[in-house]
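Below is query17.pdb, which holds PDB, C-alpha atoms and all ligand atoms.
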```pdb
MODEL        1
ATOM      1  CA  MET A   1      60.148 115.198  23.238
ATOM      2  CA  LYS A   2      62.352 117.850  21.691
ATOM      3  CA  LYS A   3      65.815 116.906  20.456
ATOM      4  CA  SER A   4      67.418 118.978  23.178
ATOM      5  CA  ASP A   5      65.814 116.785  25.870
ATOM      6  CA  GLU A   6      67.671 113.702  24.803
ATOM      7  CA  GLY A   7      71.448 113.552  25.024
ATOM      8  CA  SER A   8      72.103 110.522  22.827
ATOM      9  CA  LEU A   9      69.791 111.931  20.141
ATOM     10  CA  THR A  10      71.198 115.452  20.095
ATOM     11  CA  LEU A  11      74.872 114.497  20.355
ATOM     12  CA  GLY A  12      74.760 110.986  18.882
ATOM     13  CA  THR A  13      75.096 108.043  21.225
ATOM     14  CA  LYS A  14      78.901 107.752  20.966
ATOM     15  CA  LYS A  15      79.525 111.394  21.857
ATOM     16  CA  PHE A  16      76.935 111.283  24.647
ATOM     17  CA  GLN A  17      78.493 108.142  26.143
ATOM     18  CA  GLN A  18      81.951 109.696  25.951
ATOM     19  CA  LYS A  19      80.974 113.132  27.273
ATOM     20  CA  THR A  20      79.058 111.742  30.248
ATOM     21  CA  LYS A  21      81.612 108.919  30.751
ATOM     22  CA  ARG A  22      78.722 106.434  30.938
ATOM     23  CA  TRP A  23      80.664 103.874  28.941
ATOM     24  CA  LYS A  24      83.292 103.703  31.686
ATOM     25  CA  VAL A  25      80.651 102.882  34.292
ATOM     26  CA  THR A  26      79.325 100.051  32.094
ATOM     27  CA  ILE A  27      82.786  98.465  32.131
ATOM     28  CA  LEU A  28      83.320  99.209  35.801
ATOM     29  CA  GLN A  29      80.043  97.573  36.832
ATOM     30  CA  LYS A  30      80.887  94.298  35.059
ATOM     31  CA  LYS A  31      84.177  94.185  36.957
ATOM     32  CA  PHE A  32      82.412  95.203  40.175
ATOM     33  CA  ILE A  33      79.967  92.286  39.871
ATOM     34  CA  TYR A  34      82.753  89.809  39.135
ATOM     35  CA  ASP A  35      84.968  91.036  41.993
ATOM     36  CA  ASN A  36      82.236  91.255  44.632
ATOM     37  CA  PHE A  37      79.459  88.784  43.952
ATOM     38  CA  VAL A  38      80.841  85.908  41.863
ATOM     39  CA  ASP A  39      82.107  82.580  43.191
ATOM     40  CA  LYS A  40      85.193  82.153  41.003
ATOM     41  CA  GLN A  41      85.159  78.344  41.372
ATOM     42  CA  LYS A  42      81.526  77.804  40.411
ATOM     43  CA  LEU A  43      81.352  80.812  38.088
ATOM     44  CA  GLY A  44      77.988  81.758  39.537
ATOM     45  CA  LEU A  45      76.697  84.268  42.092
ATOM     46  CA  LYS A  46      77.863  83.596  45.668
ATOM     47  CA  GLU A  47      74.927  81.794  47.269
ATOM     48  CA  ASN A  48      75.132  83.589  50.615
ATOM     49  CA  LEU A  49      74.694  86.995  48.933
ATOM     50  CA  VAL A  50      71.547  86.311  46.919
ATOM     51  CA  GLU A  51      67.962  85.226  47.499
ATOM     52  CA  LYS A  52      65.122  83.974  45.332
ATOM     53  CA  ARG A  53      62.252  86.353  44.629
ATOM     54  CA  SER A  54      58.689  85.585  43.627
ATOM     55  CA  CYS A  55      56.819  87.791  41.148
ATOM     56  CA  PRO A  56      56.786  91.330  42.638
ATOM     57  CA  MET A  57      53.257  91.915  41.260
ATOM     58  CA  GLY A  58      52.223  89.723  44.193
ATOM     59  CA  ASN A  59      48.933  88.419  42.758
ATOM     60  CA  SER A  60      47.777  85.017  44.013
ATOM     61  CA  ILE A  61      47.837  83.741  40.413
ATOM     62  CA  CYS A  62      51.520  84.740  40.007
ATOM     63  CA  LYS A  63      52.874  81.257  40.616
ATOM     64  CA  ASN A  64      54.923  80.307  37.565
ATOM     65  CA  SER A  65      57.654  82.070  35.667
ATOM     66  CA  PHE A  66      60.157  81.233  32.955
ATOM     67  CA  VAL A  67      63.716  82.341  32.331
ATOM     68  CA  LEU A  68      64.142  85.023  29.672
ATOM     69  CA  PHE A  69      67.943  85.268  29.739
ATOM     70  CA  LYS A  70      71.005  85.463  31.936
ATOM     71  CA  LYS A  71      73.299  88.468  31.809
ATOM     72  CA  ASP A  72      76.439  89.127  33.866
ATOM     73  CA  PHE A  73      75.506  86.200  36.196
ATOM     74  CA  PHE A  74      71.979  87.525  36.916
ATOM     75  CA  THR A  75      68.830  85.755  35.649
ATOM     76  CA  TYR A  76      65.837  87.660  34.281
ATOM     77  CA  ASN A  77      62.501  85.834  34.691
ATOM     78  CA  LYS A  78      59.065  86.612  33.299
ATOM     79  CA  CYS A  79      55.854  85.866  35.213
ATOM     80  CA  SER A  80      53.634  83.560  33.119
ATOM     81  CA  LYS A  81      50.459  85.271  34.372
ATOM     82  CA  CYS A  82      51.081  89.010  34.710
ATOM     83  CA  ASN A  83      54.117  89.386  32.363
ATOM     84  CA  LEU A  84      56.213  91.270  34.916
ATOM     85  CA  ILE A  85      59.952  90.758  34.370
ATOM     86  CA  TYR A  86      62.186  90.443  37.427
ATOM     87  CA  VAL A  87      65.605  89.275  38.578
ATOM     88  CA  SER A  88      65.747  86.135  40.700
ATOM     89  CA  PRO A  89      67.871  85.240  42.528
ATOM     90  CA  ALA A  90      68.751  88.851  43.322
ATOM     91  CA  LEU A  91      71.196  90.430  45.747
ATOM     92  CA  LYS A  92      69.804  90.382  49.284
ATOM     93  CA  GLU A  93      68.208  93.660  50.328
ATOM     94  CA  LYS A  94      70.961  94.469  52.849
ATOM     95  CA  LYS A  95      73.588  94.029  50.151
ATOM     96  CA  LEU A  96      71.653  96.295  47.804
ATOM     97  CA  MET A  97      71.341  98.990  50.477
ATOM     98  CA  LYS A  98      75.085  98.848  51.070
ATOM     99  CA  LEU A  99      75.653  99.117  47.349
ATOM    100  CA  TYR A 100      73.615 102.321  47.115
ATOM    101  CA  LYS A 101      74.941 103.816  50.357
ATOM    102  CA  ASN A 102      78.591 103.788  49.499
ATOM    103  CA  SER A 103      80.358 101.764  46.821
ATOM    104  CA  SER A 104      82.614 102.468  43.883
ATOM    105  CA  TYR A 105      79.575 101.646  41.698
ATOM    106  CA  SER A 106      77.192 104.187  43.270
ATOM    107  CA  ASN A 107      79.905 106.811  43.580
ATOM    108  CA  SER A 108      80.754 106.550  39.899
ATOM    109  CA  TRP A 109      77.064 107.124  39.067
ATOM    110  CA  GLY A 110      77.217 110.198  41.294
ATOM    111  CA  LYS A 111      80.033 111.529  39.119
ATOM    112  CA  ILE A 112      77.971 110.973  35.968
ATOM    113  CA  LEU A 113      75.069 112.904  37.479
ATOM    114  CA  ALA A 114      77.355 115.828  38.272
ATOM    115  CA  ASN A 115      78.789 115.840  34.734
ATOM    116  CA  LYS A 116      78.033 119.059  32.795
ATOM    117  CA  THR A 117      76.497 117.336  29.769
ATOM    118  CA  GLU A 118      74.328 115.139  31.988
ATOM    119  CA  VAL A 119      73.185 118.129  34.069
ATOM    120  CA  LYS A 120      72.186 120.043  30.930
ATOM    121  CA  PHE A 121      70.004 117.269  29.522
ATOM    122  CA  ASN A 122      68.537 116.389  32.904
ATOM    123  CA  GLN A 123      67.596 120.041  33.358
ATOM    124  CA  ASN A 124      65.437 119.907  30.220
ATOM    125  CA  LYS A 125      63.924 116.552  31.248
ATOM    126  CA  PHE A 126      63.043 117.811  34.717
ATOM    127  CA  ASN A 127      61.511 121.048  33.434
ATOM    128  CA  SER A 128      59.349 119.106  31.007
ATOM    129  CA  LEU A 129      58.263 116.774  33.839
ATOM    130  CA  ILE A 130      57.281 119.764  35.976
ATOM    131  CA  LYS A 131      55.146 121.030  33.080
ATOM    132  CA  ASP A 132      53.415 117.607  32.899
ATOM    133  CA  ILE A 133      52.688 117.761  36.642
ATOM    134  CA  LYS A 134      51.382 121.348  36.488
ATOM    135  CA  LYS A 135      48.979 120.367  33.694
ATOM    136  CA  ILE A 136      47.304 117.930  36.082
ATOM    137  CA  LYS A 137      47.150 120.310  39.010
ATOM    138  CA  ASN A 138      48.933 123.655  39.327
ATOM    139  CA  ILE A 139      49.441 124.098  43.074
ATOM    140  CA  ASN A 140      52.395 124.751  45.371
ATOM    141  CA  TYR A 141      53.318 121.130  45.862
ATOM    142  CA  LYS A 142      54.910 119.675  48.943
ATOM    143  CA  VAL A 143      57.083 117.177  47.109
ATOM    144  CA  LEU A 144      59.167 114.206  48.256
ATOM    145  CA  ASP A 145      61.711 112.849  45.768
ATOM    146  CA  ILE A 146      62.684 109.280  46.674
ATOM    147  CA  GLY A 147      66.279 108.613  45.648
ATOM    148  CA  CYS A 148      66.853 112.313  45.039
ATOM    149  CA  ALA A 149      70.608 111.925  44.329
ATOM    150  CA  ASN A 150      72.278 115.369  44.269
ATOM    151  CA  GLY A 151      68.869 117.065  44.305
ATOM    152  CA  GLN A 152      68.749 118.295  40.717
ATOM    153  CA  PHE A 153      65.054 117.515  40.286
ATOM    154  CA  LEU A 154      64.297 119.152  43.649
ATOM    155  CA  ASP A 155      66.153 122.286  42.426
ATOM    156  CA  ALA A 156      63.695 122.512  39.531
ATOM    157  CA  CYS A 157      60.780 122.031  41.976
ATOM    158  CA  LYS A 158      62.136 124.747  44.260
ATOM    159  CA  ALA A 159      62.369 127.112  41.302
ATOM    160  CA  SER A 160      58.589 126.582  40.922
ATOM    161  CA  GLY A 161      58.117 127.590  44.549
ATOM    162  CA  TRP A 162      57.436 124.069  45.835
ATOM    163  CA  ASP A 163      58.425 122.672  49.280
ATOM    164  CA  THR A 164      61.214 120.178  48.638
ATOM    165  CA  TYR A 165      62.011 117.000  50.551
ATOM    166  CA  GLY A 166      64.197 114.078  49.538
ATOM    167  CA  LEU A 167      65.326 110.628  50.570
ATOM    168  CA  GLU A 168      68.817 109.537  49.597
ATOM    169  CA  LEU A 169      70.875 106.599  50.858
ATOM    170  CA  ASN A 170      74.135 107.571  49.180
ATOM    171  CA  ASP A 171      76.181 109.671  51.608
ATOM    172  CA  SER A 172      77.972 111.972  49.176
ATOM    173  CA  GLU A 173      74.881 112.592  47.013
ATOM    174  CA  ARG A 174      72.782 113.393  50.094
ATOM    175  CA  LYS A 175      75.357 115.957  51.247
ATOM    176  CA  GLU A 176      75.167 117.671  47.846
ATOM    177  CA  ALA A 177      71.362 117.842  48.011
ATOM    178  CA  LEU A 178      71.434 119.178  51.595
ATOM    179  CA  LYS A 179      73.836 121.943  50.577
ATOM    180  CA  LYS A 180      71.225 123.205  48.117
ATOM    181  CA  GLY A 181      68.706 123.761  50.914
ATOM    182  CA  HIS A 182      66.448 120.746  50.480
ATOM    183  CA  ILE A 183      65.326 118.678  53.481
ATOM    184  CA  VAL A 184      66.911 115.285  52.807
ATOM    185  CA  TYR A 185      66.776 112.172  54.950
ATOM    186  CA  ASN A 186      69.087 109.159  54.961
ATOM    187  CA  SER A 187      66.219 106.730  54.836
ATOM    188  CA  LYS A 188      63.972 104.465  52.826
ATOM    189  CA  ILE A 189      60.281 105.377  52.438
ATOM    190  CA  HIS A 190      59.192 102.677  54.889
ATOM    191  CA  SER A 191      60.940 104.218  57.845
ATOM    192  CA  ASN A 192      58.850 105.952  60.458
ATOM    193  CA  PHE A 193      59.646 109.573  59.720
ATOM    194  CA  VAL A 194      57.014 109.859  56.979
ATOM    195  CA  LYS A 195      53.886 111.136  58.674
ATOM    196  CA  LYS A 196      50.618 109.848  57.317
ATOM    197  CA  GLU A 197      49.153 111.834  54.415
ATOM    198  CA  SER A 198      51.646 114.650  54.387
ATOM    199  CA  PHE A 199      52.781 115.066  50.756
ATOM    200  CA  ASP A 200      50.971 116.365  47.663
ATOM    201  CA  LEU A 201      53.454 114.691  45.341
ATOM    202  CA  ILE A 202      55.976 111.856  45.601
ATOM    203  CA  THR A 203      58.411 111.152  42.786
ATOM    204  CA  MET A 204      60.493 108.073  41.991
ATOM    205  CA  LEU A 205      62.653 108.922  38.994
ATOM    206  CA  GLU A 206      64.469 105.783  37.855
ATOM    207  CA  VAL A 207      64.190 104.269  41.324
ATOM    208  CA  LEU A 208      61.326 101.719  41.372
ATOM    209  CA  GLU A 209      63.285  99.222  39.244
ATOM    210  CA  HIS A 210      65.968  99.204  41.973
ATOM    211  CA  VAL A 211      63.905  98.352  45.049
ATOM    212  CA  HIS A 212      63.686  94.897  46.529
ATOM    213  CA  ASN A 213      60.020  94.931  47.416
ATOM    214  CA  PRO A 214      58.274  97.480  45.155
ATOM    215  CA  GLY A 215      54.805  96.585  46.530
ATOM    216  CA  LYS A 216      55.823  97.531  50.047
ATOM    217  CA  VAL A 217      57.334 100.798  48.817
ATOM    218  CA  ILE A 218      54.183 101.796  46.912
ATOM    219  CA  LYS A 219      51.996 100.958  49.952
ATOM    220  CA  ASN A 220      54.101 103.322  52.063
ATOM    221  CA  ILE A 221      53.917 106.020  49.426
ATOM    222  CA  TRP A 222      50.122 105.685  49.433
ATOM    223  CA  LYS A 223      50.120 106.300  53.207
ATOM    224  CA  ALA A 224      52.462 109.286  52.909
ATOM    225  CA  LEU A 225      50.317 111.032  50.268
ATOM    226  CA  LYS A 226      47.415 113.391  50.926
ATOM    227  CA  PRO A 227      44.018 112.374  49.462
ATOM    228  CA  ASN A 228      44.182 112.687  45.640
ATOM    229  CA  GLY A 229      47.981 113.006  45.931
ATOM    230  CA  LEU A 230      50.138 112.244  42.923
ATOM    231  CA  ILE A 231      53.046 109.925  42.310
ATOM    232  CA  VAL A 232      55.400 110.299  39.357
ATOM    233  CA  ILE A 233      57.289 107.233  38.188
ATOM    234  CA  ILE A 234      60.035 106.970  35.581
ATOM    235  CA  VAL A 235      61.295 103.434  34.902
ATOM    236  CA  PRO A 236      62.954 101.619  31.970
ATOM    237  CA  ASN A 237      60.405 100.289  29.452
ATOM    238  CA  VAL A 238      60.936  96.555  28.814
ATOM    239  CA  ASP A 239      58.546  96.832  25.886
ATOM    240  CA  SER A 240      60.638  99.534  24.200
ATOM    241  CA  LEU A 241      61.764  99.173  20.586
ATOM    242  CA  ALA A 242      65.359  98.977  21.874
ATOM    243  CA  SER A 243      64.654  96.060  24.234
ATOM    244  CA  ASN A 244      62.389  94.311  21.694
ATOM    245  CA  ILE A 245      65.267  94.319  19.196
ATOM    246  CA  MET A 246      68.445  94.279  21.297
ATOM    247  CA  GLN A 247      67.030  92.270  24.212
ATOM    248  CA  SER A 248      69.696  91.536  26.841
ATOM    249  CA  ARG A 249      72.203  93.839  25.084
ATOM    250  CA  CYS A 250      70.265  96.864  26.380
ATOM    251  CA  ASN A 251      71.983  98.703  29.218
ATOM    252  CA  MET A 252      68.675  98.678  31.135
ATOM    253  CA  PHE A 253      69.307  95.018  31.980
ATOM    254  CA  LEU A 254      71.694  95.490  34.864
ATOM    255  CA  GLY A 255      70.745  92.562  37.080
ATOM    256  CA  MET A 256      72.780  93.748  40.051
ATOM    257  CA  SER A 257      70.470  96.704  40.622
ATOM    258  CA  HIS A 258      67.647  96.788  38.035
ATOM    259  CA  ILE A 259      65.599  93.973  39.482
ATOM    260  CA  THR A 260      61.952  94.710  38.597
ATOM    261  CA  MET A 261      61.263  95.689  34.998
ATOM    262  CA  PHE A 262      57.948  97.173  33.846
ATOM    263  CA  ASP A 263      56.206  97.904  30.566
ATOM    264  CA  PRO A 264      53.348 100.441  30.371
ATOM    265  CA  ASN A 265      50.753  97.713  31.027
ATOM    266  CA  THR A 266      52.440  95.945  33.924
ATOM    267  CA  LEU A 267      53.166  99.307  35.553
ATOM    268  CA  LYS A 268      49.528 100.406  35.223
ATOM    269  CA  ASN A 269      48.271  97.079  36.640
ATOM    270  CA  PHE A 270      50.795  97.132  39.463
ATOM    271  CA  MET A 271      49.812 100.653  40.491
ATOM    272  CA  TYR A 272      46.071  99.910  40.223
ATOM    273  CA  LYS A 273      46.542  96.941  42.545
ATOM    274  CA  HIS A 274      47.919  99.409  45.089
ATOM    275  CA  SER A 275      45.023 101.885  44.675
ATOM    276  CA  PHE A 276      46.557 104.320  42.207
ATOM    277  CA  LYS A 277      44.809 105.419  39.015
ATOM    278  CA  GLN A 278      46.903 106.350  35.992
ATOM    279  CA  VAL A 279      46.345 109.955  34.896
ATOM    280  CA  PHE A 280      49.239 110.368  32.452
ATOM    281  CA  CYS A 281      51.595 108.005  30.644
ATOM    282  CA  THR A 282      54.118 108.490  27.889
ATOM    283  CA  THR A 283      57.483 107.091  26.865
ATOM    284  CA  ILE A 284      60.710 109.062  26.453
ATOM    285  CA  THR A 285      64.089 108.517  24.745
ATOM    286  CA  SER A 286      63.824 106.766  21.376
ATOM    287  CA  GLU A 287      67.322 105.159  21.425
ATOM    288  CA  LEU A 288      67.084 105.054  17.608
ATOM    289  CA  SER A 289      70.808 105.635  17.077
ATOM    290  CA  VAL A 290      71.653 102.887  19.594
ATOM    291  CA  ILE A 291      69.339 100.408  17.830
ATOM    292  CA  ASN A 292      70.736 101.446  14.451
ATOM    293  CA  ASN A 293      74.302 100.778  15.598
ATOM    294  CA  TYR A 294      73.221  97.347  16.794
ATOM    295  CA  LEU A 295      71.520  96.533  13.486
ATOM    296  CA  ASN A 296      74.698  97.623  11.700
ATOM    297  CA  MET A 297      76.657  95.140  13.847
ATOM    298  CA  GLN A 298      78.461  97.921  15.690
ATOM    299  CA  ASP A 299      78.694  98.395  19.454
ATOM    300  CA  PRO A 300      75.182  99.722  20.253
ATOM    301  CA  TYR A 301      76.362 102.473  22.603
ATOM    302  CA  LEU A 302      79.780 103.336  21.174
ATOM    303  CA  GLY A 303      79.205 102.678  17.480
ATOM    304  CA  ASN A 304      78.685 105.419  14.951
ATOM    305  CA  ALA A 305      76.634 103.889  12.104
ATOM    306  CA  LYS A 306      75.798 106.540   9.509
ATOM    307  CA  ILE A 307      73.379 104.616   7.324
ATOM    308  CA  LYS A 308      69.918 103.836   8.641
ATOM    309  CA  SER A 309      69.215 100.098   8.682
ATOM    310  CA  PRO A 310      66.378  99.123   6.276
ATOM    311  CA  LEU A 311      64.847  97.251   9.244
ATOM    312  CA  LEU A 312      64.172 100.629  10.847
ATOM    313  CA  LYS A 313      62.459 102.010   7.751
ATOM    314  CA  LYS A 314      59.109 102.495   9.498
ATOM    315  CA  TRP A 315      60.579 104.059  12.611
ATOM    316  CA  ASN A 316      61.595 107.583  13.542
ATOM    317  CA  ASP A 317      62.153 109.321  16.861
ATOM    318  CA  LYS A 318      58.604 110.646  16.927
ATOM    319  CA  ASN A 319      56.618 107.505  16.174
ATOM    320  CA  ILE A 320      58.726 105.378  18.549
ATOM    321  CA  LEU A 321      57.495 107.580  21.393
ATOM    322  CA  LYS A 322      53.973 107.849  19.995
ATOM    323  CA  LYS A 323      53.634 104.062  19.916
ATOM    324  CA  MET A 324      54.861 103.828  23.539
ATOM    325  CA  LYS A 325      58.087 102.170  22.392
ATOM    326  CA  GLY A 326      60.470 104.705  23.976
ATOM    327  CA  TYR A 327      63.236 103.474  26.264
ATOM    328  CA  LYS A 328      61.677 104.824  29.463
ATOM    329  CA  ILE A 329      58.144 105.148  30.824
ATOM    330  CA  LYS A 330      57.113 108.459  32.377
ATOM    331  CA  ALA A 331      53.811 108.063  34.217
ATOM    332  CA  ILE A 332      51.728 109.943  36.770
ATOM    333  CA  PHE A 333      49.208 108.221  39.072
ATOM    334  CA  LYS A 334      46.616 109.591  41.467
ATOM    335  CA  LYS A 335      45.870 108.097  44.876
ATOM    336  CA  ILE A 336      42.372 106.559  45.002
TER     337      ILE A 336
HETATM  338 ZN    ZN B 401      53.122  87.989  38.157
ENDMDL
END
```

Serialized structure, structure tokens:
Amino acid sequence: MKKSDEGSLTLGTKKFQQKTKRWKVTILQKKFIYDNFVDKQKLGLKENLVEKRSCPMGNSICKNSFVLFKKDFFTYNKCSKCNLIYVSPALKEKKLMKLYKNSSYSNSWGKILANKTEVKFNQNKFNSLIKDIKKIKNINYKVLDIGCANGQFLDACKASGWDTYGLELNDSERKEALKKGHIVYNSKIHSNFVKKESFDLITMLEVLEHVHNPGKVIKNIWKALKPNGLIVIIVPNVDSLASNIMQSRCNMFLGMSHITMFDPNTLKNFMYKHSFKQVFCTTITSELSVINNYLNMQDPYLGNAKIKSPLLKKWNDKNILKKMKGYKIKAIFKKI
């Protein structure tokens, strides 16, 4: 990844957080959780809003798990057999849907996505993803972007001459995407509108970690893809250097909405179980400056540590990604 692809690396994490106003959302979401989901007497999640989940890998051997940590009232568990990390109890699916459809939380994310600095870096990320896809097969794709937000990735697809479709639950984001000429539905993938085997490519960019039943979603994607169709997945990497060192302090652990957390291995196994073969996998975003702030006892995201911690001596932006320790996984799978 070039420097220009990564906002926190090019600008420094503090400047990036300030320019995109991400730091405000981090504060807002803590308040949002407390105001909406917490029983103030018991100081725990309101029982009627949450439900227990079993390991989303769904293997018959996935019977036991242990607690990794609690953060902002949500508990992260790890499956003892397949190593998948997941939130349980989690918000009930209906609550989650409402959250994405229209809430101060989802609307504030919409504002971040429309922010100039964010748009610029996303543009580079999306163009590099399109190059990755073209290397596998260079055709005029009929693409469906699940959780397409304001349609920025679909814009890049359209510029390549592809047929662009999206699914978006958030009302204001969907309107934005529709304005740009994409066909966008207010629906989840498991609704009936998806005809069998109709897409060449389905993308889920930072979406799979949000869904309540990822197995069901991937099964429906399989049905909606043509033979040999591709799926692109970007998710946070729980085996990143940042999460290995900072653990629950990483912003990826947002138990309200990031409820299934993969590493490159668990993602590959999960997709194979659902008849997808991995054809490409890399990690992106080193988060080196964030980790360095943390190791200098500063706020990871808003600190500005100048001196590199001796603990990071062996690490640089390049080898973090090379060793699959980047903050996010970018993977492409083929339907088998
Ligand atoms: Zn499991």

Please evaluate the PyMOL selection byres (((chain A and resi 71) around 8) and not hetatm) against the displayed coordinates and give the resulting residues as a CSV table (one decimal) with C-alpha atoms, in the coordinates of the input.
```csv
chain,number,residue,atom,x,y,z
A,69,PHE,CA,67.9,85.3,29.7
A,70,LYS,CA,71.0,85.5,31.9
A,72,ASP,CA,76.4,89.1,33.9
A,73,PHE,CA,75.5,86.2,36.2
A,74,PHE,CA,72.0,87.5,36.9
A,75,THR,CA,68.8,85.8,35.6
A,76,TYR,CA,65.8,87.7,34.3
A,248,SER,CA,69.7,91.5,26.8
A,253,PHE,CA,69.3,95.0,32.0
A,254,LEU,CA,71.7,95.5,34.9
A,255,GLY,CA,70.7,92.6,37.1
```

Distance criterion (all atoms listed in the file): nearest to A:Leu99 out of A:Val87, A:Leu154, A:Leu167, A:Ile33
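Distance minimum relative to A:Leu99 lands on A:Ile33.
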
Pull out every residue that the PyMOL selection byres (((not hetatm)) within 8 of (chain B and resi 401)) matches in the shown coordinates and put them as a PyMOL selection string. chain A and resi 55-59+61-65+78-84

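For the file at hand, the PyMOL selection byres (((chain A and resi 183) around 10) and not hetatm) resolves to A:Leu144, A:Gly151, A:Leu154, A:Asp163, A:Thr164, A:Tyr165, A:Gly166, A:Leu167, A:Arg174, A:Ala177, A:Leu178, A:Lys179, A:Lys180, A:Gly181, A:His182, A:Val184, A:Tyr185.
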
Atom CA of A:Ser88 to atom CA of A:Glu173 measures 28.7 Å

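Across A:Tyr105, A:Tyr141, A:Tyr272, A:Trp162, the tightest approach to A:Lys226 is made by A:Tyr141 when counting all atoms listed in the file.
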
Counting only C-alpha atoms, which residues of stretch 180-242 of chain A fall within 6 Å of stretch 257-270 of chain A, and what is the closest atom pair for each with its distance in Å at one decimal, ordered by chain and rising number, as a tab-separated table?
```
residue	atom	partner	partner_atom	distance
A:Glu209	CA	A:Thr260	CA	4.7
A:His210	CA	A:His258	CA	4.9
A:Asn237	CA	A:Asp263	CA	5.0
A:Val238	CA	A:Asp263	CA	5.2
A:Asp239	CA	A:Asp263	CA	5.3
```

Suppose we keep C-alpha atoms; can you now write the selection as a PDB file, keeping the file's coordinate frame?
```
ATOM      1  CA  GLU A 209      63.285  99.222  39.244  1.00  0.00           C
ATOM      2  CA  HIS A 210      65.968  99.204  41.973  1.00  0.00           C
ATOM      3  CA  ASN A 237      60.405 100.289  29.452  1.00  0.00           C
ATOM      4  CA  VAL A 238      60.936  96.555  28.814  1.00  0.00           C
ATOM      5  CA  ASP A 239      58.546  96.832  25.886  1.00  0.00           C
TER       6      ASP A 239
END
```

Enumerate, as a CSV table (one decimal) with C-alpha atoms, keeping the file's coordinate frame, the protein, DNA and RNA residues whose atoms approach (49.8, 105.4, 32.9) to within 9 Å, taking into account only C-alpha atoms and the coordinate frame of the file.
```csv
chain,number,residue,atom,x,y,z
A,264,PRO,CA,53.3,100.4,30.4
A,265,ASN,CA,50.8,97.7,31.0
A,267,LEU,CA,53.2,99.3,35.6
A,268,LYS,CA,49.5,100.4,35.2
A,271,MET,CA,49.8,100.7,40.5
A,277,LYS,CA,44.8,105.4,39.0
A,278,GLN,CA,46.9,106.4,36.0
A,279,VAL,CA,46.3,110.0,34.9
A,280,PHE,CA,49.2,110.4,32.5
A,281,CYS,CA,51.6,108.0,30.6
A,282,THR,CA,54.1,108.5,27.9
A,329,ILE,CA,58.1,105.1,30.8
A,330,LYS,CA,57.1,108.5,32.4
A,331,ALA,CA,53.8,108.1,34.2
A,332,ILE,CA,51.7,109.9,36.8
A,333,PHE,CA,49.2,108.2,39.1
```

Atom CA of A:Leu302 to atom CA of A:Lys14 measures 4.5 Å

As lines of an AutoDock Vina configuration file, please: the centre and edge lengths in Å, to one decimal, of an axis-aligned box enclosing every listed atom of stretch 238-242 of chain A with 5 Å added on each side.
```
center_x = 62.0
center_y = 98.0
center_z = 24.7
size_x = 16.8
size_y = 13.0
size_z = 18.2
```

>> (66.5, 105.4, 15.1) in this file's frame - what residues fall within 7 Å of it? Use only C-alpha atoms and give the answer as a list in words.
In response: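 Answer for this query, in the requested form: Ser286, Glu287, Leu288, Ser289, Ile291, Asn292, Leu312, Trp315, Asn316 and Asp317 of chain A.
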
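Here atom CA of A:Asn293 is placed at a distance of 8.8 Å from atom CA of A:Lys308.
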
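Of the residues under consideration (A:Gln247, A:Asn220, A:Gln298, A:Thr26), A:Asn220 shows the shortest atom-to-atom contact distance to A:Lys195 when counting all atoms listed in the file.
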
As a PyMOL selection string, please: the residues near A:Glu168 (cut-off 6 Å, all atoms listed in the file, same-chain neighbours under 2 positions excluded).
chain A and resi 147-148+170+174+186

Using only C-alpha atoms, tabulate the residues of stretch 145-240 of chain A lying at most 10 Å from any atom of stretch 131-134 of chain A, each with its closest atom pair and that distance in Å to one decimal, by chain and increasing residue number, as a Markdown table.
```
| residue | atom | partner | partner_atom | distance |
| --- | --- | --- | --- | --- |
| A:Ser160 | CA | A:Lys134 | CA | 9.9 |
| A:Leu201 | CA | A:Ile133 | CA | 9.3 |
| A:Leu230 | CA | A:Ile133 | CA | 8.7 |
| A:Ile231 | CA | A:Ile133 | CA | 9.7 |
| A:Val232 | CA | A:Ile133 | CA | 8.4 |
```

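Distance annotation: of A:Lys334, A:Ala224, A:Asn304, A:Leu241, the residue with the minimal separation from A:Ile136 is A:Lys334; atom set is all atoms listed in the file.
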
Excluding same-chain residues fewer than 4 positions from A:Val217, what lies within 9 Å of it counting all atoms listed in the file, as a JSON list (two decimals) with C-alpha atoms, in the coordinates of the input?
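Output file result28.json follows:
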```
[["chain", "number", "residue", "atom", "x", "y", "z"],
["A", 188, "LYS", "CA", 63.97, 104.46, 52.83],
["A", 189, "ILE", "CA", 60.28, 105.38, 52.44],
["A", 190, "HIS", "CA", 59.19, 102.68, 54.89],
["A", 208, "LEU", "CA", 61.33, 101.72, 41.37],
["A", 211, "VAL", "CA", 63.90, 98.35, 45.05],
["A", 212, "HIS", "CA", 63.69, 94.90, 46.53],
["A", 213, "ASN", "CA", 60.02, 94.93, 47.42],
["A", 221, "ILE", "CA", 53.92, 106.02, 49.43],
["A", 222, "TRP", "CA", 50.12, 105.68, 49.43]]
```
